[in-house]
file my_file37.cif (mmCIF, C-alpha atoms and all ligand atoms)
data_data
#
loop_
_atom_site.group_PDB
_atom_site.id
_atom_site.type_symbol
_atom_site.label_atom_id
_atom_site.label_comp_id
_atom_site.auth_asym_id
_atom_site.auth_seq_id
_atom_site.Cartn_x
_atom_site.Cartn_y
_atom_site.Cartn_z
ATOM 1 C CA VAL G 69 7.921 14.866 -18.506
ATOM 2 C CA LEU G 70 4.418 13.558 -19.101
ATOM 3 C CA ALA G 71 1.762 14.855 -16.692
ATOM 4 C CA LEU G 72 -1.658 13.247 -16.266
ATOM 5 C CA ASP G 73 -4.604 14.806 -14.434
ATOM 6 C CA VAL G 74 -7.406 12.413 -13.469
ATOM 7 C CA GLY G 75 -10.718 13.902 -12.386
ATOM 8 C CA GLY G 76 -14.401 13.021 -12.326
ATOM 9 C CA THR G 77 -15.121 15.501 -15.132
ATOM 10 C CA LYS G 78 -12.042 15.264 -17.349
ATOM 11 C CA LEU G 79 -8.869 13.331 -18.041
ATOM 12 C CA ALA G 80 -6.033 15.633 -19.126
ATOM 13 C CA ALA G 81 -2.492 15.001 -20.324
ATOM 14 C CA ALA G 82 0.424 17.253 -21.238
ATOM 15 C CA VAL G 83 4.094 17.065 -22.077
ATOM 16 C CA ILE G 84 5.755 19.785 -20.004
ATOM 17 C CA ASP G 85 9.334 21.072 -20.045
ATOM 18 C CA ARG G 86 11.547 22.279 -17.194
ATOM 19 C CA ALA G 87 10.262 25.871 -17.459
ATOM 20 C CA GLY G 88 6.613 24.821 -17.273
ATOM 21 C CA ASN G 89 5.884 25.204 -20.989
ATOM 22 C CA ARG G 90 3.145 22.915 -22.237
ATOM 23 C CA ILE G 91 4.689 21.394 -25.370
ATOM 24 C CA SER G 92 1.485 19.504 -26.123
ATOM 25 C CA ARG G 93 -1.765 19.195 -24.205
ATOM 26 C CA GLY G 94 -5.141 17.504 -24.514
ATOM 27 C CA GLU G 95 -8.153 16.401 -22.539
ATOM 28 C CA VAL G 96 -11.239 14.237 -22.857
ATOM 29 C CA ALA G 97 -14.418 14.008 -20.789
ATOM 30 C CA THR G 98 -14.090 11.219 -18.222
ATOM 31 C CA PRO G 99 -16.124 8.326 -19.688
ATOM 32 C CA ARG G 100 -19.083 7.371 -17.481
ATOM 33 C CA ILE G 101 -18.225 3.669 -17.426
ATOM 34 C CA LEU G 102 -17.801 1.042 -14.748
ATOM 35 C CA ASP G 103 -15.043 -0.973 -16.446
ATOM 36 C CA GLY G 104 -11.768 0.144 -14.864
ATOM 37 C CA GLU G 105 -9.624 -1.371 -17.635
ATOM 38 C CA LEU G 106 -11.556 0.443 -20.377
ATOM 39 C CA LEU G 107 -11.085 3.697 -18.479
ATOM 40 C CA LEU G 108 -7.354 3.014 -18.154
ATOM 41 C CA ALA G 109 -7.164 2.336 -21.906
ATOM 42 C CA ARG G 110 -8.745 5.755 -22.593
ATOM 43 C CA LEU G 111 -6.225 7.493 -20.324
ATOM 44 C CA VAL G 112 -3.265 5.653 -21.863
ATOM 45 C CA ASP G 113 -4.494 6.377 -25.426
ATOM 46 C CA LEU G 114 -4.695 10.080 -24.530
ATOM 47 C CA ALA G 115 -1.183 9.960 -23.047
ATOM 48 C CA ARG G 116 0.221 8.345 -26.223
ATOM 49 C CA GLU G 117 -1.483 10.949 -28.441
ATOM 50 C CA ILE G 118 -0.060 13.814 -26.401
ATOM 51 C CA VAL G 119 3.495 12.411 -26.353
ATOM 52 C CA ALA G 120 3.313 11.883 -30.128
ATOM 53 C CA ALA G 121 1.966 15.431 -30.585
ATOM 54 C CA ALA G 122 5.077 16.713 -28.793
ATOM 55 C CA GLY G 123 7.200 14.872 -31.385
ATOM 56 C CA LEU G 124 8.625 12.540 -28.734
ATOM 57 C CA GLN G 125 8.883 8.833 -27.993
ATOM 58 C CA ILE G 126 7.768 7.543 -24.585
ATOM 59 C CA SER G 127 11.406 6.473 -23.997
ATOM 60 C CA GLU G 128 12.567 10.101 -24.342
ATOM 61 C CA LEU G 129 10.510 11.304 -21.352
ATOM 62 C CA ALA G 130 12.299 12.047 -18.069
ATOM 63 C CA GLY G 131 9.339 10.778 -16.072
ATOM 64 C CA VAL G 132 5.591 10.563 -15.586
ATOM 65 C CA GLY G 133 3.584 12.394 -12.879
ATOM 66 C CA ILE G 134 -0.074 11.715 -12.097
ATOM 67 C CA GLY G 135 -2.452 13.965 -10.170
ATOM 68 C CA SER G 136 -5.734 12.331 -9.213
ATOM 69 C CA ALA G 137 -8.973 13.096 -7.439
ATOM 70 C CA GLY G 138 -8.967 11.421 -4.033
ATOM 71 C CA PRO G 139 -8.965 9.756 -1.734
ATOM 72 C CA LEU G 140 -5.814 7.894 -2.627
ATOM 73 C CA ASP G 141 -2.935 6.029 -1.038
ATOM 74 C CA SER G 142 0.298 7.472 -2.369
ATOM 75 C CA VAL G 143 2.435 4.713 -0.799
ATOM 76 C CA ALA G 144 0.438 1.823 -2.306
ATOM 77 C CA GLY G 145 -0.126 3.898 -5.474
ATOM 78 C CA THR G 146 -3.885 3.245 -5.385
ATOM 79 C CA ILE G 147 -6.772 5.651 -5.987
ATOM 80 C CA SER G 148 -10.486 5.536 -5.089
ATOM 81 C CA PRO G 149 -11.868 8.802 -6.534
ATOM 82 C CA VAL G 150 -15.329 9.565 -5.140
ATOM 83 C CA ASN G 151 -16.543 10.628 -8.612
ATOM 84 C CA ILE G 152 -14.988 7.784 -10.644
ATOM 85 C CA ALA G 153 -16.922 4.633 -9.757
ATOM 86 C CA ALA G 154 -14.799 2.409 -12.047
ATOM 87 C CA TRP G 155 -11.738 2.801 -9.841
ATOM 88 C CA ARG G 156 -11.758 1.618 -6.219
ATOM 89 C CA LEU G 157 -8.363 0.939 -4.589
ATOM 90 C CA TYR G 158 -7.162 0.992 -8.171
ATOM 91 C CA PRO G 159 -3.365 0.656 -8.612
ATOM 92 C CA LEU G 160 -3.184 3.503 -11.139
ATOM 93 C CA ALA G 161 0.576 4.149 -10.940
ATOM 94 C CA ASP G 162 1.421 0.479 -11.605
ATOM 95 C CA GLN G 163 -1.250 0.134 -14.294
ATOM 96 C CA VAL G 164 -0.040 3.201 -16.196
ATOM 97 C CA ALA G 165 3.507 1.844 -15.904
ATOM 98 C CA ALA G 166 2.421 -1.578 -17.230
ATOM 99 C CA GLU G 167 0.481 -0.150 -20.201
ATOM 100 C CA LEU G 168 2.631 2.809 -21.174
ATOM 101 C CA LEU G 169 6.154 2.079 -19.975
ATOM 102 C CA ALA G 170 6.545 -1.713 -20.137
ATOM 103 C CA ASP G 171 8.860 -1.581 -23.174
ATOM 104 C CA VAL G 172 10.989 1.257 -21.832
ATOM 105 C CA GLU G 173 14.174 0.025 -20.226
ATOM 106 C CA GLY G 174 14.829 1.210 -16.678
ATOM 107 C CA PHE G 175 11.771 3.455 -16.496
ATOM 108 C CA ARG G 176 10.736 4.732 -13.102
ATOM 109 C CA ARG G 177 7.257 4.123 -11.719
ATOM 110 C CA PRO G 178 5.013 7.166 -12.242
ATOM 111 C CA VAL G 179 4.733 9.515 -9.253
ATOM 112 C CA LEU G 180 1.189 9.840 -7.888
ATOM 113 C CA ALA G 181 -0.325 12.623 -5.758
ATOM 114 C CA GLY G 182 -3.751 14.053 -4.961
ATOM 115 C CA ASP G 183 -5.190 16.780 -7.186
ATOM 116 C CA GLY G 184 -5.218 19.378 -4.375
ATOM 117 C CA LEU G 185 -1.522 18.796 -3.738
ATOM 118 C CA CYS G 186 -0.725 18.970 -7.450
ATOM 119 C CA PHE G 187 -2.670 22.234 -7.769
ATOM 120 C CA THR G 188 -0.680 23.721 -4.875
ATOM 121 C CA LEU G 189 2.705 22.566 -6.150
ATOM 122 C CA GLY G 190 1.871 23.784 -9.670
ATOM 123 C CA GLU G 191 1.052 27.272 -8.376
ATOM 124 C CA GLN G 192 4.122 27.307 -6.093
ATOM 125 C CA ARG G 193 6.500 26.330 -8.918
ATOM 126 C CA PHE G 194 4.957 28.115 -11.920
ATOM 127 C CA GLY G 195 1.993 30.283 -10.843
ATOM 128 C CA ALA G 196 0.579 32.747 -8.298
ATOM 129 C CA GLY G 197 2.483 31.166 -5.386
ATOM 130 C CA ARG G 198 5.858 31.176 -7.158
ATOM 131 C CA GLY G 199 8.668 30.752 -4.654
ATOM 132 C CA SER G 200 6.412 30.710 -1.577
ATOM 133 C CA THR G 201 7.825 28.698 1.326
ATOM 134 C CA ALA G 202 4.555 28.605 3.322
ATOM 135 C CA LEU G 203 1.593 28.275 0.978
ATOM 136 C CA LEU G 204 -1.969 27.011 1.237
ATOM 137 C CA GLY G 205 -3.527 26.075 -2.104
ATOM 138 C CA MET G 206 -7.301 25.760 -2.374
ATOM 139 C CA VAL G 207 -9.543 24.605 -5.205
ATOM 140 C CA VAL G 208 -13.109 25.856 -4.779
ATOM 141 C CA SER G 209 -15.265 24.057 -7.283
ATOM 142 C CA THR G 210 -17.806 21.180 -7.159
ATOM 143 C CA GLY G 211 -15.956 20.245 -3.985
ATOM 144 C CA ILE G 212 -13.164 21.952 -2.085
ATOM 145 C CA GLY G 213 -9.636 20.539 -2.149
ATOM 146 C CA GLY G 214 -6.303 21.835 -1.020
ATOM 147 C CA GLY G 215 -2.654 21.329 -0.334
ATOM 148 C CA LEU G 216 0.212 22.749 1.687
ATOM 149 C CA VAL G 217 3.754 23.824 0.945
ATOM 150 C CA LEU G 218 5.656 24.043 4.258
ATOM 151 C CA ASP G 219 9.314 25.068 4.580
ATOM 152 C CA GLY G 220 9.342 25.311 0.789
ATOM 153 C CA LYS G 221 8.330 21.695 0.246
ATOM 154 C CA LEU G 222 5.046 20.057 -0.616
ATOM 155 C CA TYR G 223 3.658 18.412 2.521
ATOM 156 C CA ALA G 224 1.714 15.276 1.549
ATOM 157 C CA GLY G 225 1.622 13.467 4.900
ATOM 158 C CA PRO G 226 2.208 9.724 5.432
ATOM 159 C CA SER G 227 -0.902 8.693 3.456
ATOM 160 C CA GLY G 228 -0.608 11.436 0.842
ATOM 161 C CA ASN G 229 -3.872 13.101 1.907
ATOM 162 C CA ALA G 230 -2.687 16.215 3.779
ATOM 163 C CA GLY G 231 -4.519 19.395 2.799
ATOM 164 C CA HIS G 232 -8.127 18.123 2.833
ATOM 165 C CA ILE G 233 -9.331 21.574 3.872
ATOM 166 C CA GLY G 234 -12.820 20.984 2.436
ATOM 167 C CA HIS G 235 -13.531 18.694 5.377
ATOM 168 C CA ILE G 236 -12.448 21.040 8.149
ATOM 169 C CA VAL G 237 -15.525 21.733 10.299
ATOM 170 C CA VAL G 238 -16.324 25.450 10.255
ATOM 171 C CA GLN G 239 -19.906 25.162 11.549
ATOM 172 C CA PRO G 240 -20.434 22.660 14.381
ATOM 173 C CA ASP G 241 -23.911 21.052 14.065
ATOM 174 C CA GLY G 242 -24.112 22.323 10.476
ATOM 175 C CA VAL G 243 -25.355 20.456 7.412
ATOM 176 C CA PRO G 244 -24.365 16.735 7.277
ATOM 177 C CA CYS G 245 -21.482 15.970 4.905
ATOM 178 C CA PRO G 246 -21.055 12.688 2.951
ATOM 179 C CA CYS G 247 -17.742 12.255 4.820
ATOM 180 C CA GLY G 248 -19.703 11.595 8.034
ATOM 181 C CA ASN G 249 -19.146 14.935 9.793
ATOM 182 C CA ARG G 250 -21.349 18.011 9.962
ATOM 183 C CA GLY G 251 -20.668 21.593 8.915
ATOM 184 C CA CYS G 252 -17.620 20.880 6.725
ATOM 185 C CA LEU G 253 -16.286 23.843 4.711
ATOM 186 C CA GLU G 254 -17.268 22.037 1.511
ATOM 187 C CA ARG G 255 -20.943 21.916 2.604
ATOM 188 C CA ILE G 256 -20.961 25.731 2.788
ATOM 189 C CA ALA G 257 -18.572 27.069 0.189
ATOM 190 C CA SER G 258 -18.450 24.607 -2.750
ATOM 191 C CA GLY G 259 -20.354 25.687 -5.881
ATOM 192 C CA PRO G 260 -23.323 23.318 -5.372
ATOM 193 C CA SER G 261 -23.529 24.186 -1.641
ATOM 194 C CA MET G 262 -23.548 27.919 -2.418
ATOM 195 C CA VAL G 263 -26.283 27.427 -5.016
ATOM 196 C CA ALA G 264 -28.371 25.298 -2.614
ATOM 197 C CA TYR G 265 -28.107 27.928 0.131
ATOM 198 C CA ALA G 266 -29.128 30.781 -2.207
ATOM 199 C CA LEU G 267 -32.141 28.794 -3.461
ATOM 200 C CA ASP G 268 -33.099 28.096 0.141
ATOM 201 C CA GLN G 269 -32.826 31.822 0.921
ATOM 202 C CA GLY G 270 -35.249 32.715 -1.850
ATOM 203 C CA TRP G 271 -33.163 33.001 -5.043
ATOM 204 C CA THR G 272 -35.585 32.082 -7.843
ATOM 205 C CA PRO G 273 -33.750 31.852 -11.190
ATOM 206 C CA ASP G 274 -36.068 31.855 -14.205
ATOM 207 C CA ALA G 275 -36.952 28.545 -15.877
ATOM 208 C CA ALA G 276 -34.341 28.963 -18.651
ATOM 209 C CA THR G 277 -31.479 29.353 -16.165
ATOM 210 C CA VAL G 278 -29.484 26.370 -14.914
ATOM 211 C CA PRO G 279 -28.909 27.168 -11.242
ATOM 212 C CA ASP G 280 -25.115 26.766 -11.139
ATOM 213 C CA GLY G 281 -22.178 28.842 -9.912
ATOM 214 C CA VAL G 282 -22.115 31.021 -13.040
ATOM 215 C CA ALA G 283 -25.823 31.842 -12.702
ATOM 216 C CA LEU G 284 -25.385 32.504 -8.982
ATOM 217 C CA ALA G 285 -22.556 34.960 -9.685
ATOM 218 C CA ALA G 286 -24.692 36.741 -12.304
ATOM 219 C CA ALA G 287 -27.559 37.026 -9.809
ATOM 220 C CA ALA G 288 -25.217 38.417 -7.134
ATOM 221 C CA ARG G 289 -23.822 41.006 -9.588
ATOM 222 C CA ALA G 290 -27.416 42.011 -10.372
ATOM 223 C CA GLY G 291 -27.918 42.675 -6.663
ATOM 224 C CA ASN G 292 -29.940 39.588 -5.684
ATOM 225 C CA ALA G 293 -29.833 39.516 -1.872
ATOM 226 C CA ALA G 294 -29.990 35.710 -1.500
ATOM 227 C CA ALA G 295 -27.146 35.226 -4.003
ATOM 228 C CA LEU G 296 -25.049 37.915 -2.302
ATOM 229 C CA SER G 297 -25.632 36.393 1.127
ATOM 230 C CA SER G 298 -24.447 33.014 -0.177
ATOM 231 C CA PHE G 299 -21.155 34.597 -1.355
ATOM 232 C CA GLU G 300 -20.789 36.391 2.007
ATOM 233 C CA ARG G 301 -21.387 33.147 3.885
ATOM 234 C CA ALA G 302 -18.976 31.155 1.721
ATOM 235 C CA GLY G 303 -16.301 33.859 2.019
ATOM 236 C CA GLU G 304 -16.713 33.891 5.794
ATOM 237 C CA ALA G 305 -16.309 30.083 5.971
ATOM 238 C CA ILE G 306 -13.273 30.031 3.645
ATOM 239 C CA GLY G 307 -11.725 32.907 5.595
ATOM 240 C CA ARG G 308 -12.163 31.016 8.859
ATOM 241 C CA ALA G 309 -10.573 27.893 7.376
ATOM 242 C CA ILE G 310 -7.609 29.967 6.148
ATOM 243 C CA VAL G 311 -7.070 31.487 9.610
ATOM 244 C CA LEU G 312 -7.349 28.050 11.272
ATOM 245 C CA THR G 313 -4.674 26.771 8.900
ATOM 246 C CA ALA G 314 -2.455 29.821 9.437
ATOM 247 C CA THR G 315 -2.751 29.460 13.213
ATOM 248 C CA LEU G 316 -1.655 25.839 13.041
ATOM 249 C CA VAL G 317 1.120 25.859 10.422
ATOM 250 C CA ASP G 318 2.040 29.538 9.857
ATOM 251 C CA ILE G 319 1.253 29.989 6.167
ATOM 252 C CA ARG G 320 2.088 33.314 4.445
ATOM 253 C CA GLU G 321 0.295 32.994 1.104
ATOM 254 C CA VAL G 322 -2.942 31.454 -0.131
ATOM 255 C CA VAL G 323 -3.703 30.711 -3.788
ATOM 256 C CA ILE G 324 -7.314 29.955 -4.643
ATOM 257 C CA GLY G 325 -8.428 28.342 -7.912
ATOM 258 C CA GLY G 326 -11.355 26.313 -9.219
ATOM 259 C CA GLY G 327 -14.587 27.337 -10.910
ATOM 260 C CA MET G 328 -15.958 29.420 -8.030
ATOM 261 C CA SER G 329 -12.721 31.435 -7.753
ATOM 262 C CA ALA G 330 -13.444 32.687 -11.290
ATOM 263 C CA THR G 331 -16.249 34.802 -9.738
ATOM 264 C CA GLY G 332 -13.452 37.135 -8.599
ATOM 265 C CA GLU G 333 -14.122 39.794 -5.986
ATOM 266 C CA LEU G 334 -17.617 38.453 -5.297
ATOM 267 C CA LEU G 335 -15.860 35.668 -3.395
ATOM 268 C CA PHE G 336 -12.421 37.180 -2.707
ATOM 269 C CA ALA G 337 -13.695 40.349 -0.972
ATOM 270 C CA PRO G 338 -15.627 38.465 1.762
ATOM 271 C CA ILE G 339 -12.710 36.006 2.133
ATOM 272 C CA ARG G 340 -10.197 38.840 2.721
ATOM 273 C CA ASP G 341 -12.619 40.548 5.076
ATOM 274 C CA ALA G 342 -13.134 37.371 7.144
ATOM 275 C CA VAL G 343 -9.391 36.642 7.267
ATOM 276 C CA GLN G 344 -8.718 40.155 8.518
ATOM 277 C CA ARG G 345 -11.382 39.877 11.237
ATOM 278 C CA HIS G 346 -10.439 36.405 12.466
ATOM 279 C CA ALA G 347 -6.635 36.658 12.311
ATOM 280 C CA VAL G 348 -6.033 37.908 15.851
ATOM 281 C CA LEU G 349 -2.563 36.493 16.520
ATOM 282 C CA ALA G 350 0.192 38.667 15.068
ATOM 283 C CA PHE G 351 1.838 35.872 13.073
ATOM 284 C CA THR G 352 -1.443 35.116 11.276
ATOM 285 C CA GLN G 353 -1.904 38.702 10.053
ATOM 286 C CA GLY G 354 -0.991 40.007 6.607
ATOM 287 C CA ILE G 355 -1.538 36.748 4.728
ATOM 288 C CA GLU G 356 -1.652 37.341 0.976
ATOM 289 C CA ILE G 357 -4.651 35.860 -0.789
ATOM 290 C CA ARG G 358 -4.314 35.518 -4.557
ATOM 291 C CA ALA G 359 -6.262 34.026 -7.432
ATOM 292 C CA SER G 360 -4.766 31.084 -9.326
ATOM 293 C CA GLU G 361 -2.675 32.060 -12.373
ATOM 294 C CA LEU G 362 -2.633 28.631 -13.965
ATOM 295 C CA ASP G 363 -6.335 27.881 -13.764
ATOM 296 C CA ARG G 364 -7.144 24.508 -15.315
ATOM 297 C CA ASP G 365 -3.494 23.526 -15.837
ATOM 298 C CA ALA G 366 -2.264 23.955 -12.238
ATOM 299 C CA GLY G 367 -2.823 20.242 -11.532
ATOM 300 C CA LEU G 368 -0.948 19.167 -14.665
ATOM 301 C CA LEU G 369 1.955 21.488 -13.851
ATOM 302 C CA GLY G 370 2.119 20.189 -10.268
ATOM 303 C CA ALA G 371 2.140 16.573 -11.451
ATOM 304 C CA ALA G 372 4.911 17.557 -13.879
ATOM 305 C CA ALA G 373 6.930 19.158 -11.056
ATOM 306 C CA LEU G 374 6.641 15.940 -9.024
ATOM 307 C CA ALA G 375 7.952 13.905 -11.959
ATOM 308 C CA MET G 376 10.831 16.368 -12.515
ATOM 309 C CA ASP G 377 11.810 16.221 -8.829
ATOM 310 C CA ALA G 378 11.712 12.409 -8.856
ATOM 311 C CA ALA G 379 13.906 12.315 -11.980
ATOM 312 C CA ASP G 380 16.441 14.707 -10.424
ATOM 313 C CA ALA G 381 16.511 12.733 -7.152
ATOM 314 C CA ALA G 382 17.063 9.447 -8.990
ATOM 315 C CA TYR G 383 19.893 10.999 -11.025
ATOM 316 C CA ARG G 384 21.600 12.338 -7.894
ATOM 317 C CA ASP G 385 21.284 8.932 -6.182
ATOM 318 C CA ALA G 386 22.839 7.217 -9.204
ATOM 319 C CA GLU G 387 25.714 9.763 -9.229
ATOM 320 C CA GLN G 388 26.428 8.963 -5.572
ATOM 321 C CA VAL G 389 26.607 5.251 -6.299
ATOM 322 C CA ASN G 390 28.773 5.636 -9.423
ATOM 323 C CA ARG G 391 31.306 8.003 -7.865
ATOM 324 C CA PRO G 392 34.578 6.137 -7.187
HETATM 325 ZN ZN ZN G 401 -16.922 16.496 5.213
#
call {"tool": "encode", "arguments": {"input": "my_file37.cif", "output": "structure tokens", "more": "lines below"}}
Ligand SMILES: [Zn+2]
result
Amino acid sequence: VLALDVGGTKLAAAVIDRAGNRISRGEVATPRILDGELLLARLVDLAREIVAAAGLQISELAGVGIGSAGPLDSVAGTISPVNIAAWRLYPLADQVAAELLADVEGFRRPVLAGDGLCFTLGEQRFGAGRGSTALLGMVVSTGIGGGLVLDGKLYAGPSGNAGHIGHIVVQPDGVPCPCGNRGCLERIASGPSMVAYALDQGWTPDAATVPDGVALAAAARAGNAAALSSFERAGEAIGRAIVLTATLVDIREVVIGGGMSATGELLFAPIRDAVQRHAVLAFTQGIEIRASELDRDAGLLGAAALAMDAADAAYRDAEQVNRP
């Protein structure tokens, strides 16, 4: 199958086989343009290059899966990524079909899902959450996204937006969030929010240092109190959000990826500590919290899994109809 991953920073594409092997893979920086058709052309060009690099024709693919930054409408097949101004209510699934698949007889429409859901499904099928039947996936990066696997299946919800854990309120009357609420998890524990808090608490990186998540982690490792307190605070907020989720839907595993998760125990230790303190009901205790195994490719692998499932379902339906 062909998997596409659409984000505000990069567009990625890969041809992926049943076992999760990436036969070919490539990515480009997301062009900062306002022309939606030009942006589509760039994505489709990348897709063609990657299919050719796998030594395949488009017509030989079993399907196409697309993971995209949200919000989106998975029923209408439209996306309106906050960080991609060129696309508002953009019918990406139909447009990719029209540009890439028009000449392919009987080709199914690409399957579309949010990037947090694709991350979670990728980890559940091929990564750190392999085989989990009750999994919360979280991406802690510029923002915070997520997704749920419940009863062994990805739970997308009627609009396709289930799992928006970054906008759970963990601090009533906290900092305003662009979503309209206050004290959302994302305003405390995303990379930029963590950096802003540390600066506010007196972290003063030298002039040559870009104050980002990597620099913040280095400062915390060097013992800087403001940087350490930002990690503690973020871990506490993420831990609370995990326990809230576990209380509501009984998850057993959590897989955390994204740039900030690469800081390792700096973030994971306070998360585990907070989960242990806040998980008071017996069924919420003993949740396993793991780092992503697939890193940057989790979204691609999840989009691929969606396309594989859709292909299998269509085949089974056709078998039913054809059986005498
Ligand atoms: Zn919010």
call {"tool": "closest_atom_pairs", "arguments": {"input": "my_file37.cif", "of": "chain G", "to": "ligand ZN 401 (chain G)", "cutoff": "10 Å", "atoms": "only C-alpha atoms and all ligand atoms", "output": "Markdown table"}}
result
| residue | atom | partner | partner_atom | distance |
| --- | --- | --- | --- | --- |
| G:Gly211 | CA | G:ZN401 | ZN | 10.0 |
| G:Ile212 | CA | G:ZN401 | ZN | 9.9 |
| G:His232 | CA | G:ZN401 | ZN | 9.3 |
| G:Ile233 | CA | G:ZN401 | ZN | 9.2 |
| G:Gly234 | CA | G:ZN401 | ZN | 6.7 |
| G:His235 | CA | G:ZN401 | ZN | 4.0 |
| G:Ile236 | CA | G:ZN401 | ZN | 7.0 |
| G:Val237 | CA | G:ZN401 | ZN | 7.4 |
| G:Val243 | CA | G:ZN401 | ZN | 9.6 |
| G:Pro244 | CA | G:ZN401 | ZN | 7.7 |
| G:Cys245 | CA | G:ZN401 | ZN | 4.6 |
| G:Pro246 | CA | G:ZN401 | ZN | 6.1 |
| G:Cys247 | CA | G:ZN401 | ZN | 4.3 |
| G:Gly248 | CA | G:ZN401 | ZN | 6.3 |
| G:Asn249 | CA | G:ZN401 | ZN | 5.3 |
| G:Arg250 | CA | G:ZN401 | ZN | 6.7 |
| G:Gly251 | CA | G:ZN401 | ZN | 7.3 |
| G:Cys252 | CA | G:ZN401 | ZN | 4.7 |
| G:Leu253 | CA | G:ZN401 | ZN | 7.4 |
| G:Glu254 | CA | G:ZN401 | ZN | 6.7 |
| G:Arg255 | CA | G:ZN401 | ZN | 7.2 |
call {"tool": "atom_distance", "arguments": {"input": "my_file37.cif", "atom1": "CA of Cys186 (chain G)", "atom2": "CA of Gly367 (chain G)"}}
result
4.8 Å
call {"tool": "atom_distance", "arguments": {"input": "my_file37.cif", "atom1": "CA of Val317 (chain G)", "atom2": "CA of Gly231 (chain G)"}}
result
11.5 Å
call {"tool": "residues_around", "arguments": {"input": "my_file37.cif", "residues": "region 157-166 of chain G", "least_positions_apart": "3", "cutoff": "12 Å", "atoms": "only C-alpha atoms", "output": "MDAnalysis selection string"}}
result
chainID G and resid 70:74 103:116 126 131:150 152:154 169:181
call {"tool": "write_last_selection", "arguments": {"input": "my_file37.cif", "atoms": "C-alpha atoms", "output": "compact mmCIF listing (two decimals), in the coordinates of the input"}}
result
# COMPACT_ATOMS: atom_id res chain seq x y z
CA LEU G 70 4.42 13.56 -19.10
CA ALA G 71 1.76 14.86 -16.69
CA LEU G 72 -1.66 13.25 -16.27
CA ASP G 73 -4.60 14.81 -14.43
CA VAL G 74 -7.41 12.41 -13.47
CA ASP G 103 -15.04 -0.97 -16.45
CA GLY G 104 -11.77 0.14 -14.86
CA GLU G 105 -9.62 -1.37 -17.64
CA LEU G 106 -11.56 0.44 -20.38
CA LEU G 107 -11.08 3.70 -18.48
CA LEU G 108 -7.35 3.01 -18.15
CA ALA G 109 -7.16 2.34 -21.91
CA ARG G 110 -8.74 5.76 -22.59
CA LEU G 111 -6.22 7.49 -20.32
CA VAL G 112 -3.26 5.65 -21.86
CA ASP G 113 -4.49 6.38 -25.43
CA LEU G 114 -4.70 10.08 -24.53
CA ALA G 115 -1.18 9.96 -23.05
CA ARG G 116 0.22 8.35 -26.22
CA ILE G 126 7.77 7.54 -24.58
CA GLY G 131 9.34 10.78 -16.07
CA VAL G 132 5.59 10.56 -15.59
CA GLY G 133 3.58 12.39 -12.88
CA ILE G 134 -0.07 11.72 -12.10
CA GLY G 135 -2.45 13.96 -10.17
CA SER G 136 -5.73 12.33 -9.21
CA ALA G 137 -8.97 13.10 -7.44
CA GLY G 138 -8.97 11.42 -4.03
CA PRO G 139 -8.96 9.76 -1.73
CA LEU G 140 -5.81 7.89 -2.63
CA ASP G 141 -2.94 6.03 -1.04
CA SER G 142 0.30 7.47 -2.37
CA VAL G 143 2.44 4.71 -0.80
CA ALA G 144 0.44 1.82 -2.31
CA GLY G 145 -0.13 3.90 -5.47
CA THR G 146 -3.88 3.24 -5.38
CA ILE G 147 -6.77 5.65 -5.99
CA SER G 148 -10.49 5.54 -5.09
CA PRO G 149 -11.87 8.80 -6.53
CA VAL G 150 -15.33 9.56 -5.14
CA ILE G 152 -14.99 7.78 -10.64
CA ALA G 153 -16.92 4.63 -9.76
CA ALA G 154 -14.80 2.41 -12.05
CA LEU G 169 6.15 2.08 -19.98
CA ALA G 170 6.54 -1.71 -20.14
CA ASP G 171 8.86 -1.58 -23.17
CA VAL G 172 10.99 1.26 -21.83
CA GLU G 173 14.17 0.02 -20.23
CA GLY G 174 14.83 1.21 -16.68
CA PHE G 175 11.77 3.46 -16.50
CA ARG G 176 10.74 4.73 -13.10
CA ARG G 177 7.26 4.12 -11.72
CA PRO G 178 5.01 7.17 -12.24
CA VAL G 179 4.73 9.52 -9.25
CA LEU G 180 1.19 9.84 -7.89
CA ALA G 181 -0.32 12.62 -5.76
call {"tool": "atom_distance", "arguments": {"input": "my_file37.cif", "atom1": "CA of Val263 (chain G)", "atom2": "CA of Leu368 (chain G)"}}
result
28.3 Å
call {"tool": "resolve_selection", "arguments": {"input": "my_file37.cif", "expression": "the PyMOL selection byres (((chain G and resi 336-343) around 10) and not hetatm)", "output": "NGL selection string"}}
result
:G and (299-312 or 314 or 324 or 329-335 or 344-348 or 352-359)
call {"tool": "closest_residue", "arguments": {"input": "my_file37.cif", "among": "G:Ala80, G:Leu296, G:Leu185, G:Met206", "to": "Gly225 (chain G)", "atoms": "only C-alpha atoms"}}
result
G:Leu185
call {"tool": "resolve_selection", "arguments": {"input": "my_file37.cif", "expression": "the PyMOL selection byres (((chain G and resi 208) around 6) and not hetatm)", "output": "list of chain:residue names"}}
result
G:Val207, G:Ser209, G:Ile212, G:Ser258, G:Gly326, G:Met328
call {"tool": "write_last_selection", "arguments": {"input": "my_file37.cif", "atoms": "C-alpha atoms", "output": "PDB file, keeping the file's coordinate frame"}}
result
ATOM      1  CA  VAL G 207      -9.543  24.605  -5.205  1.00  0.00           C
ATOM      2  CA  SER G 209     -15.265  24.057  -7.283  1.00  0.00           C
ATOM      3  CA  ILE G 212     -13.164  21.952  -2.085  1.00  0.00           C
ATOM      4  CA  SER G 258     -18.450  24.607  -2.750  1.00  0.00           C
ATOM      5  CA  GLY G 326     -11.355  26.313  -9.219  1.00  0.00           C
ATOM      6  CA  MET G 328     -15.958  29.420  -8.030  1.00  0.00           C
TER       7      MET G 328
END
call {"tool": "residues_around", "arguments": {"input": "my_file37.cif", "residues": "region 189-199 of chain G", "least_positions_apart": "2", "cutoff": "6 Å", "atoms": "only C-alpha atoms", "output": "JSON, numbers by chain"}}
result
{"G": [186, 187, 360, 361, 362, 366, 369, 370]}
